[in-house]
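Visitor: So I've got this file, entry24.txt, and it contains compact mmCIF, C-alpha atoms:
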# COMPACT_ATOMS: atom_id res chain seq x y z
CA MET U 4 32.82 -24.97 312.43
CA ARG U 5 29.59 -24.58 310.47
CA THR U 6 26.13 -25.02 311.88
CA ILE U 7 23.29 -26.67 310.01
CA GLU U 8 19.81 -26.57 311.48
CA VAL U 9 16.90 -28.68 310.26
CA LEU U 10 13.58 -27.05 311.19
CA GLY U 11 10.65 -29.43 311.50
CA SER U 12 8.36 -31.29 313.82
CA GLY U 13 10.12 -34.63 313.41
CA CYS U 14 7.94 -35.73 310.51
CA PRO U 15 9.35 -38.22 307.96
CA ASN U 16 10.28 -35.38 305.57
CA CYS U 17 12.29 -33.64 308.28
CA ARG U 18 14.18 -36.83 309.06
CA ARG U 19 14.98 -37.30 305.38
CA LEU U 20 16.30 -33.74 305.22
CA GLU U 21 18.45 -34.33 308.30
CA ALA U 22 19.91 -37.48 306.73
CA ASN U 23 20.67 -35.53 303.52
CA ALA U 24 22.34 -32.77 305.56
CA ARG U 25 24.59 -35.26 307.36
CA GLU U 26 25.53 -36.85 304.04
CA ALA U 27 26.27 -33.40 302.60
CA VAL U 28 28.69 -32.62 305.44
CA VAL U 29 30.70 -35.72 304.50
CA MET U 30 30.50 -34.90 300.76
CA ALA U 31 31.65 -31.32 301.20
CA GLY U 32 34.35 -32.37 303.65
CA VAL U 33 33.61 -29.54 306.07
CA GLU U 34 33.29 -29.58 309.82
CA ALA U 35 29.71 -28.93 310.78
CA GLU U 36 27.24 -29.55 313.54
CA VAL U 37 23.77 -30.71 312.49
CA ARG U 38 20.95 -29.73 314.84
CA HIS U 39 17.23 -30.56 314.64
CA VAL U 40 14.93 -27.72 315.74
CA THR U 41 11.46 -28.97 316.69
CA ASP U 42 10.07 -26.05 318.75
CA PRO U 43 7.43 -24.44 316.50
CA ARG U 44 8.10 -21.05 318.14
CA GLU U 45 11.71 -21.18 317.10
CA ILE U 46 10.80 -22.41 313.62
CA VAL U 47 8.41 -19.49 313.07
CA GLY U 48 10.98 -17.16 314.65
CA ARG U 49 13.24 -17.93 311.69
CA GLY U 50 10.45 -16.90 309.32
CA VAL U 51 9.69 -20.47 308.28
CA MET U 52 6.09 -21.71 308.05
CA SER U 53 6.40 -24.63 305.68
CA THR U 54 8.52 -27.41 307.10
CA PRO U 55 11.05 -28.83 306.69
CA GLY U 56 13.30 -25.80 306.63
CA LEU U 57 17.07 -25.74 306.33
CA VAL U 58 19.31 -23.13 307.92
CA ILE U 59 23.06 -22.91 307.28
CA ASP U 60 25.05 -20.64 309.58
CA GLY U 61 21.91 -18.80 310.61
CA LYS U 62 20.64 -18.18 307.06
CA VAL U 63 17.46 -19.87 305.78
CA VAL U 64 18.40 -21.61 302.54
CA SER U 65 15.30 -23.69 301.87
CA THR U 66 11.73 -24.16 303.11
CA GLY U 67 9.00 -26.70 302.43
CA ARG U 68 11.20 -28.97 300.33
CA ILE U 69 13.91 -31.58 300.68
CA PRO U 70 17.07 -30.51 298.90
CA SER U 71 19.38 -33.35 297.91
CA ALA U 72 22.63 -34.04 299.74
CA GLY U 73 24.43 -32.81 296.62
CA ASP U 74 22.62 -29.45 296.68
CA ILE U 75 23.33 -28.98 300.38
CA ALA U 76 26.99 -29.84 299.82
CA VAL U 77 27.16 -27.14 297.14
CA TRP U 78 25.69 -24.58 299.57
CA LEU U 79 28.14 -25.68 302.27
CA SER U 80 31.13 -25.25 300.02
CA GLN U 81 29.99 -21.94 298.55
CA SER U 82 30.13 -19.52 301.45
CA MET H 15 36.47 -25.66 292.04
CA THR H 16 34.76 -27.73 294.69
CA THR H 17 31.47 -26.22 293.59
CA LEU H 18 31.93 -27.50 290.06
CA ALA H 19 32.98 -30.95 291.16
CA LEU H 20 29.88 -31.33 293.32
CA ARG H 21 27.35 -30.45 290.62
CA ARG H 22 25.60 -33.47 289.17
CA PRO H 23 25.61 -33.87 285.40
CA THR H 24 22.07 -33.34 284.05
CA ALA H 25 20.36 -33.78 280.71
CA PRO H 26 18.99 -30.55 279.18
CA LEU H 27 15.83 -29.69 281.08
CA PRO H 28 13.47 -28.89 278.14
CA ALA H 29 14.35 -32.22 276.47
CA VAL H 30 13.53 -34.25 279.57
CA ALA H 31 10.29 -32.38 280.26
CA GLY H 32 9.22 -32.59 276.59
CA THR H 33 9.87 -36.33 276.33
CA ALA H 34 7.97 -36.98 279.55
CA ALA H 35 4.97 -34.95 278.33
CA ALA H 36 4.92 -36.79 274.97
CA LEU H 37 5.07 -40.23 276.61
CA TRP H 38 2.25 -39.22 278.96
CA LEU H 39 0.05 -38.15 276.04
CA VAL H 40 0.59 -41.37 274.10
CA ALA H 41 -0.22 -43.48 277.18
CA TRP H 42 -3.36 -41.39 277.80
CA LEU H 43 -4.61 -41.98 274.25
CA VAL H 44 -4.02 -45.73 274.07
CA GLU H 45 -4.98 -46.89 277.58
CA ALA H 46 -8.77 -47.21 277.12
CA PRO H 47 -8.70 -49.17 273.82
CA ALA H 48 -5.86 -51.30 275.21
CA ALA H 49 -7.90 -52.22 278.31
CA ASP H 50 -10.88 -53.08 276.15
CA TRP H 51 -8.83 -55.25 273.83
CA LEU H 52 -7.16 -57.01 276.77
CA THR H 53 -10.45 -57.82 278.49
CA PHE H 54 -12.65 -58.85 275.61
CA THR H 55 -10.17 -60.17 273.01
CA VAL H 56 -7.20 -61.52 274.95
CA LEU H 57 -9.08 -62.77 278.02
CA GLY H 58 -12.19 -63.47 275.98
CA LEU H 59 -14.66 -62.29 278.63
CA GLY H 60 -18.22 -61.61 277.60
CA ARG H 61 -19.27 -58.00 277.13
CA ASP H 62 -22.44 -58.45 279.16
CA SER H 63 -21.01 -60.61 281.94
CA HIS H 64 -20.45 -59.26 285.46
CA LEU H 65 -16.85 -60.44 285.39
CA GLY H 66 -16.19 -58.86 282.01
CA GLU H 67 -17.62 -55.53 283.09
CA ALA H 68 -15.70 -55.51 286.37
CA THR H 69 -12.42 -56.48 284.69
CA ALA H 70 -12.74 -53.87 281.95
CA PHE H 71 -13.52 -51.21 284.57
CA PHE H 72 -10.45 -52.14 286.60
CA LEU H 73 -8.04 -52.35 283.65
CA GLU H 74 -9.28 -49.09 282.18
CA ASP H 75 -9.48 -47.12 285.39
CA LEU H 76 -6.19 -48.00 287.05
CA PRO H 77 -3.96 -46.59 284.28
CA LYS H 78 -6.37 -43.69 283.76
CA VAL H 79 -6.27 -42.59 287.40
CA LEU H 80 -2.52 -43.20 287.63
CA LEU H 81 -1.89 -41.11 284.52
CA LEU H 82 -4.16 -38.30 285.67
CA LEU H 83 -2.58 -38.37 289.11
CA THR H 84 1.01 -38.34 287.84
CA GLY H 85 0.44 -35.66 285.22
CA ILE H 86 -1.73 -33.38 287.27
CA VAL H 87 0.14 -33.64 290.55
CA THR H 88 3.43 -32.83 288.82
CA VAL H 89 2.04 -29.74 287.06
CA VAL H 90 0.13 -28.59 290.12
CA THR H 91 3.07 -29.03 292.50
CA LEU H 92 5.11 -26.96 290.09
CA ILE H 93 2.52 -24.15 290.26
CA ARG H 94 2.16 -24.43 294.03
CA GLY H 95 5.88 -23.93 294.44
CA PHE H 96 5.27 -20.29 293.57
CA PHE H 97 2.82 -19.76 296.45
CA PRO H 98 4.55 -20.81 299.68
CA PRO H 99 2.77 -19.74 302.91
CA GLU H 100 5.71 -17.44 303.62
CA ARG H 101 4.70 -15.44 300.56
CA ILE H 102 0.94 -15.35 301.06
CA ARG H 103 1.09 -14.39 304.76
CA PRO H 104 1.71 -10.70 304.04
CA MET H 105 -1.33 -10.74 301.72
CA LEU H 106 -3.60 -11.82 304.59
CA ALA H 107 -2.15 -9.79 307.44
CA GLY H 108 -4.01 -6.62 308.31
CA ARG H 109 -7.19 -7.47 306.39
CA GLY H 110 -10.60 -7.38 308.00
CA LEU H 111 -12.50 -10.57 308.80
CA VAL H 112 -14.77 -10.57 305.74
CA PRO H 113 -12.34 -9.71 302.92
CA GLY H 114 -9.68 -11.72 304.73
CA SER H 115 -11.81 -14.87 304.89
CA PHE H 116 -12.58 -14.69 301.18
CA ALA H 117 -8.92 -14.12 300.32
CA ALA H 118 -7.74 -16.90 302.67
CA ALA H 119 -10.20 -19.43 301.27
CA GLY H 120 -9.12 -18.58 297.72
CA LEU H 121 -5.39 -18.66 298.47
CA GLY H 122 -5.92 -21.95 300.31
CA VAL H 123 -6.64 -23.52 296.93
CA VAL H 124 -3.20 -22.87 295.46
CA THR H 125 -1.06 -23.10 298.58
CA PRO H 126 0.58 -26.41 299.38
CA PHE H 127 -0.57 -27.80 302.71
CA CYS H 128 0.78 -30.58 304.83
CA SER H 129 -0.77 -31.27 308.20
CA CYS H 130 2.76 -31.53 309.64
CA SER H 131 3.19 -27.81 308.90
CA ALA H 132 -0.12 -26.82 310.50
CA VAL H 133 1.43 -25.64 313.77
CA PRO H 134 4.16 -23.34 312.40
CA LEU H 135 1.62 -22.07 309.87
CA PHE H 136 -0.93 -21.24 312.56
CA ILE H 137 1.67 -19.53 314.77
CA GLY H 138 3.11 -17.68 311.78
CA PHE H 139 -0.31 -16.32 310.79
CA VAL H 140 -1.22 -15.23 314.32
CA GLU H 141 2.20 -13.68 314.80
CA ALA H 142 1.76 -11.55 311.70
CA GLY H 143 -1.66 -10.32 312.87
CA VAL H 144 -3.86 -12.42 310.58
CA PRO H 145 -7.27 -12.55 312.35
CA LEU H 146 -8.26 -15.91 313.89
CA GLY H 147 -11.27 -16.39 311.59
CA VAL H 148 -9.14 -15.71 308.50
CA THR H 149 -6.55 -18.24 309.69
CA PHE H 150 -9.28 -20.87 310.05
CA ALA H 151 -10.75 -20.06 306.64
CA PHE H 152 -7.31 -20.95 305.29
CA LEU H 153 -6.97 -24.08 307.42
CA ILE H 154 -10.32 -25.37 306.16
CA SER H 155 -9.87 -24.50 302.52
CA SER H 156 -6.26 -25.57 302.02
CA PRO H 157 -6.58 -29.35 302.51
CA MET H 158 -10.18 -29.58 301.24
CA VAL H 159 -10.24 -27.54 298.05
CA ASN H 160 -7.00 -28.50 296.52
CA GLU H 161 -6.44 -28.17 292.84
CA VAL H 162 -5.48 -31.84 292.54
CA ALA H 163 -9.00 -32.85 293.54
CA LEU H 164 -10.45 -30.22 291.21
CA VAL H 165 -8.50 -31.27 288.14
CA MET H 166 -9.12 -34.97 288.83
CA LEU H 167 -12.85 -34.34 289.24
CA TRP H 168 -12.79 -32.31 286.05
CA GLY H 169 -10.95 -35.04 284.14
CA LEU H 170 -13.20 -37.86 285.35
CA PHE H 171 -16.66 -36.26 285.66
CA GLY H 172 -16.49 -33.00 283.73
CA PRO H 173 -16.44 -29.32 284.72
CA GLY H 174 -19.88 -29.24 286.39
CA ILE H 175 -18.99 -31.48 289.31
CA ALA H 176 -15.50 -29.97 289.65
CA LEU H 177 -16.87 -26.42 289.92
CA ALA H 178 -19.63 -27.57 292.27
CA TYR H 179 -17.02 -29.12 294.55
CA MET H 180 -14.92 -25.98 294.51
CA ALA H 181 -17.88 -23.70 295.22
CA ALA H 182 -19.00 -25.96 298.06
CA GLY H 183 -15.54 -26.15 299.63
CA LEU H 184 -14.97 -22.40 299.40
CA THR H 185 -18.38 -21.76 300.96
CA VAL H 186 -17.62 -24.03 303.93
CA ALA H 187 -14.23 -22.34 304.39
CA ILE H 188 -15.56 -18.76 304.16
CA VAL H 189 -18.60 -19.37 306.37
CA GLY H 190 -16.45 -21.34 308.84
CA GLY H 191 -13.93 -18.51 309.01
CA LEU H 192 -16.66 -15.89 309.49
CA VAL H 193 -18.39 -17.91 312.25
CA ILE H 194 -15.16 -18.59 314.14
CA GLY H 195 -14.16 -14.93 313.75
CA ARG H 196 -17.53 -13.60 315.00
CA LEU H 197 -17.59 -15.94 318.01
CA ARG H 198 -14.49 -14.19 319.39
CA LEU H 199 -12.72 -17.33 320.49
CA GLU H 200 -9.27 -15.76 320.77
CA ARG H 201 -9.06 -16.79 324.45
CA TYR H 202 -9.02 -20.44 323.40
CA VAL H 203 -5.77 -20.09 321.54
CA GLU H 204 -2.85 -21.39 323.63
CA ASP H 205 -1.27 -18.52 325.57
CA TYR H 206 2.24 -19.00 324.26
CA VAL H 207 1.01 -18.28 320.75
CA TRP H 208 -0.19 -14.81 321.78
CA GLU H 209 3.14 -14.06 323.43
CA LEU H 210 4.63 -14.27 319.95
CA ALA H 211 2.01 -12.09 318.26
CA GLY H 212 3.18 -8.66 317.24
CA ARG H 213 6.79 -9.77 317.19
CA PRO H 214 8.27 -8.46 313.96
CA SER H 215 7.96 -11.34 311.52
CA THR H 216 11.03 -12.43 309.67
CA ALA H 217 10.69 -12.25 305.90
CA ILE H 218 12.76 -14.76 304.02
CA ALA H 219 13.36 -15.17 300.32
CA VAL H 220 14.72 -18.42 298.97
CA HIS H 221 15.73 -18.58 295.33
CA LEU H 222 14.81 -21.69 293.34
CA THR H 223 15.88 -22.58 289.82
CA TRP H 224 13.55 -24.28 287.29
CA SER H 225 15.59 -27.41 287.68
CA ASP H 226 14.98 -27.33 291.48
CA ARG H 227 11.28 -26.78 290.92
CA LEU H 228 10.87 -29.58 288.37
CA GLY H 229 12.93 -31.92 290.52
CA ASP H 230 10.79 -31.13 293.58
CA ALA H 231 7.54 -31.59 291.67
CA TRP H 232 8.62 -34.94 290.29
CA SER H 233 9.93 -36.29 293.59
CA TYR H 234 6.74 -35.17 295.39
CA THR H 235 4.61 -36.89 292.74
CA ARG H 236 6.59 -40.11 293.00
CA THR H 237 6.24 -40.20 296.78
CA LEU H 238 2.52 -39.42 296.63
CA VAL H 239 1.73 -42.00 293.95
CA ARG H 240 3.70 -44.66 295.82
CA LYS H 241 1.82 -43.81 299.01
CA LEU H 242 -1.57 -43.79 297.28
CA LEU H 243 -1.05 -46.86 295.13
CA PRO H 244 -2.35 -49.45 297.65
CA TYR H 245 -5.42 -47.28 298.32
CA LEU H 246 -5.97 -46.78 294.62
CA LEU H 247 -5.79 -50.53 294.03
CA ILE H 248 -8.32 -51.16 296.80
CA GLY H 249 -10.45 -48.20 295.74
CA ILE H 250 -10.54 -49.13 292.07
CA GLY H 251 -10.95 -52.82 292.97
CA LEU H 252 -13.96 -51.97 295.13
CA GLY H 253 -15.13 -49.65 292.41
CA ALA H 254 -14.87 -52.47 289.87
CA LEU H 255 -16.85 -54.85 292.11
CA ILE H 256 -19.51 -52.22 292.69
CA HIS H 257 -19.56 -51.45 288.98
CA GLY H 258 -19.82 -55.08 287.90
CA TYR H 259 -21.85 -56.69 290.68
CA ALA H 260 -23.62 -54.39 293.14
CA PRO H 261 -27.22 -53.91 292.17
CA THR H 262 -27.96 -50.24 291.65
CA ASP H 263 -31.06 -50.56 293.82
CA LEU H 264 -29.05 -51.57 296.87
CA ILE H 265 -26.81 -48.50 296.99
CA ALA H 266 -29.60 -46.21 295.91
CA SER H 267 -31.84 -47.49 298.68
CA ILE H 268 -29.19 -47.18 301.45
CA GLY H 269 -27.56 -43.97 300.31
CA GLY H 270 -30.30 -42.52 298.20
CA ARG H 271 -32.42 -39.43 298.52
CA SER H 272 -35.16 -41.27 300.37
CA ASN H 273 -32.82 -41.81 303.31
CA PRO H 274 -32.46 -38.44 305.10
CA LEU H 275 -29.69 -39.80 307.32
CA ALA H 276 -27.44 -40.68 304.37
CA VAL H 277 -25.52 -37.38 304.35
CA PRO H 278 -24.66 -37.28 308.09
CA LEU H 279 -23.90 -41.00 307.87
CA VAL H 280 -21.27 -40.66 305.16
CA VAL H 281 -19.70 -37.72 307.04
CA LEU H 282 -19.42 -39.87 310.20
CA LEU H 283 -18.07 -42.72 308.13
CA ALA H 284 -15.36 -40.43 306.79
CA VAL H 285 -14.00 -39.29 310.19
CA PRO H 286 -11.62 -42.22 310.77
CA MET H 287 -10.68 -42.25 307.09
CA TYR H 288 -8.04 -39.82 306.14
CA SER H 289 -6.85 -39.53 302.65
CA ASN H 290 -5.58 -37.07 300.20
CA ALA H 291 -8.54 -35.82 298.16
CA ALA H 292 -7.21 -37.56 295.07
CA GLY H 293 -7.26 -40.94 296.82
CA THR H 294 -11.03 -40.84 297.34
CA ILE H 295 -11.84 -40.28 293.69
CA PRO H 296 -12.04 -43.91 292.49
CA ILE H 297 -14.53 -44.77 295.25
CA VAL H 298 -16.48 -41.61 294.54
CA GLN H 299 -16.59 -42.46 290.86
CA ALA H 300 -18.00 -45.91 291.50
CA LEU H 301 -20.61 -44.69 294.00
CA LEU H 302 -21.81 -41.87 291.74
CA GLY H 303 -22.07 -44.28 288.85
CA LYS H 304 -24.31 -46.52 290.95
CA GLY H 305 -26.80 -43.86 291.86
CA LEU H 306 -25.51 -42.28 295.08
CA PRO H 307 -26.77 -38.69 294.84
CA LEU H 308 -24.24 -35.94 294.07
CA GLY H 309 -24.64 -34.12 297.40
CA THR H 310 -24.02 -37.25 299.45
CA THR H 311 -20.98 -38.09 297.33
CA LEU H 312 -19.43 -34.62 297.59
CA ALA H 313 -20.09 -34.58 301.36
CA PHE H 314 -18.20 -37.86 301.67
CA MET H 315 -15.27 -36.51 299.72
CA MET H 316 -15.10 -33.24 301.63
CA ALA H 317 -15.33 -35.04 304.97
CA VAL H 318 -12.55 -37.48 304.18
CA THR H 319 -10.16 -34.65 303.37
CA ALA H 320 -11.22 -31.95 305.85
CA ILE H 321 -12.12 -33.94 308.96
CA SER H 322 -8.96 -35.70 309.94
CA LEU H 323 -8.14 -36.93 313.43
CA PRO H 324 -4.33 -36.63 313.05
CA GLU H 325 -4.68 -32.98 312.05
CA PHE H 326 -6.90 -32.27 315.07
CA VAL H 327 -4.31 -33.81 317.40
CA ILE H 328 -1.65 -31.58 315.85
CA LEU H 329 -3.83 -28.44 316.09
CA ARG H 330 -4.50 -29.16 319.77
CA ARG H 331 -0.94 -27.96 320.39
CA VAL H 332 -1.91 -24.40 319.46
CA ILE H 333 -5.62 -24.19 320.31
CA LYS H 334 -7.61 -25.29 323.36
CA LEU H 335 -10.37 -27.89 323.26
CA PRO H 336 -13.39 -25.52 323.02
CA LEU H 337 -12.00 -23.87 319.89
CA LEU H 338 -11.06 -27.24 318.42
CA ALA H 339 -14.62 -28.42 319.08
CA VAL H 340 -16.08 -25.32 317.40
CA PHE H 341 -13.77 -25.87 314.43
CA ILE H 342 -14.84 -29.51 314.04
CA GLY H 343 -18.51 -28.60 314.58
CA VAL H 344 -18.49 -25.77 312.04
CA VAL H 345 -16.75 -27.84 309.38
CA SER H 346 -18.99 -30.92 309.83
CA THR H 347 -22.18 -28.84 309.87
CA GLY H 348 -21.05 -27.01 306.77
CA ILE H 349 -20.33 -30.24 304.93
CA VAL H 350 -23.66 -31.81 305.90
CA ALA H 351 -25.50 -28.63 304.82
CA ILE H 352 -23.72 -28.62 301.45
CA GLY H 353 -24.62 -32.30 301.00
CA PHE H 354 -28.32 -31.64 301.59
CA LEU H 355 -28.25 -28.55 299.38
CA PHE H 356 -26.74 -30.38 296.41
CA ASN H 357 -29.14 -33.29 296.84
CA ALA H 358 -32.04 -30.84 296.84
CA ILE H 359 -30.80 -28.94 293.78
CA THR H 360 -30.00 -31.98 291.67
CA GLY H 361 -33.04 -33.98 292.81
Rewrite the structure of this file - the entire thing - as structure tokens.
Guide:
Amino acid sequence: MRTIEVLGSGCPNCRRLEANAREAVVMAGVEAEVRHVTDPREIVGRGVMSTPGLVIDGKVVSTGRIPSAGDIAVWLSQS
Amino acid sequence: MTTLALRRPTAPLPAVAGTAAALWLVAWLVEAPAADWLTFTVLGLGRDSHLGEATAFFLEDLPKVLLLLTGIVTVVTLIRGFFPPERIRPMLAGRGLVPGSFAAAGLGVVTPFCSCSAVPLFIGFVEAGVPLGVTFAFLISSPMVNEVALVMLWGLFGPGIALAYMAAGLTVAIVGGLVIGRLRLERYVEDYVWELAGRPSTAIAVHLTWSDRLGDAWSYTRTLVRKLLPYLLIGIGLGALIHGYAPTDLIASIGGRSNPLAVPLVVLLAVPMYSNAAGTIPIVQALLGKGLPLGTTLAFMMAVTAISLPEFVILRRVIKLPLLAVFIGVVSTGIVAIGFLFNAITG
């Protein structure tokens, strides 16, 4: 079971990233839980200051941008 | 194997970028003569008529602003990608108020800023030990003096006005940071933010390829242009009407030098308006062309971008009302002062 966390305040960009992440889970065919982190303290705690941020299995893989579902699927299938 | 199957097929990057740049250049060179030809030859409007002048202005300006916006925003977003706040934070931590405020104002120019990131940014800065005044210098400079506004001003009005705008914005940011720092307002930061300060900050490094960066820049530009397009149409439409019909005397007498209330008035007018700096440019262009003094015009532009109600609501989550009030007061006073100064210098 993988964990994907979307870090962001619930702004439109964060929702787009969450949608991409869910699509990526289907594309990569892995089992994963997608979580949306909105608490700014927790976001900063991960070292992220530009939202949206994306965390896969506890590792920050992107900040301040919206990677495509395809890119996220590649990350999911890599590790 | 799965990795390979998931990769999208892409055309060679330099070819795509080169073709796009060439198309942009051709469009830039032909748009003004094309608008002229369309207005006066195809539509047969008179060169001296109000309607002819307004139409030519609209047809020439819309593609011009769209081209500038698309080209510049793409290039600038590409550059900004190299200066994420996560990278500049260590440069500001541990500096004194004065050097820190100068550095923060300067870095604010190249750093991308989105008001939705204001809260994590603020907490992240405080957590790393960036002084409060320095943090505010950054928060003032980043949305106001952005390089998109600078390059657009440069392209439309020349280097003088662009540099004047940058100098004015940096001054407001530095002075604002120094004032907020000297006032010792730390107690008006929400308590939970201080509980995080001094916690070892997590450094992260995310690797991006050129293809990621170009893709990001292009998708950001597309979104921005789509969002700005209705405002641009209204702005340029208004601009065209002002250009073709409004008597110069009218605007000059309401907004002109003889009216000492003009500068505070435009700043007040700008409070409910919130726009990206680039979105205000068509209106600014029309007003300047009709005799609104430079200081009043720059004050309007700075106020639209730096005084934004939604951003204040967001900041309220990390700072208490007195500090928010000081922040708004310092920024508005600074903008009004700059407006008067430029009117006095250029008068």
Visitor: Grab the atom CA of H:Ala176 to atom CA of H:Leu153 distance for me, in Å with one decimal place.
Guide: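 Computing it gives 20.6 Å between the two atoms.
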Visitor: Excluding same-chain residues fewer than 2 positions from stretch 20-27 of chain U, what lies within 10 Å of it counting all atoms listed in the file, as a ChimeraX atom specification?
Guide: /U:7-11,13,15-18,29-33,35-39,55-57,68-80
Visitor: Per residue of chain U within 6 Å of chain H, note the shortest atom pair and the distance in Å to one decimal, counting all atoms listed in the file, and order the rows by chain and increasing residue number, as a Markdown table.
Guide:
| residue | atom | partner | partner_atom | distance |
| --- | --- | --- | --- | --- |
| U:Pro43 | CA | H:Pro134 | CA | 5.4 |
| U:Val47 | CA | H:Gly138 | CA | 5.7 |
| U:Gly50 | CA | H:Thr216 | CA | 4.5 |
| U:Met52 | CA | H:Leu135 | CA | 4.8 |
| U:Ser53 | CA | H:Ser131 | CA | 5.5 |
| U:Thr54 | CA | H:Ser131 | CA | 5.6 |
| U:Val77 | CA | H:Thr17 | CA | 5.7 |
Visitor: In Å, rounded to a single decimal, give me how far atom CA of H:Pro244 is from atom CA of H:Gly353.
Guide: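 Between these atoms lies a distance of 28.3 Å.
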Visitor: Between U:Glu45, U:Arg19, U:Gly67, U:Gly61, which residue has the minimum interatomic distance to U:Thr6, considering all atoms listed in the file?
Guide: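 Ranking U:Glu45, U:Arg19, U:Gly67, U:Gly61 by distance to U:Thr6, first place goes to U:Gly61.
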Visitor: By how many Å are atom CA of H:Val189 and atom CA of U:Val51 apart?
Guide: 28.4 Å
Visitor: Just checking: using only C-alpha atoms, which residue out of H:Arg94, H:Arg196, H:Lys304, H:Lys78 ends up closest to H:Leu39?
Guide: H:Lys78
Visitor: Identify which of the residues H:Ala25, H:Trp208, H:Ala313, H:Ala46 lies closest to H:Ala142, counting only C-alpha atoms when measuring atom-to-atom distances.
Guide: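 Checking each candidate against H:Ala142, we get H:Trp208 as the closest.
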Visitor: For stretch 60-75 of chain H, list every protein, DNA or RNA residue within 10 Å, evaluated using only C-alpha atoms, and leave out those in the same chain fewer than 4 positions away; present the list as an MDAnalysis selection string.
Guide: chainID H and resid 45:55 79:81 170 246:247 249:260 296 300
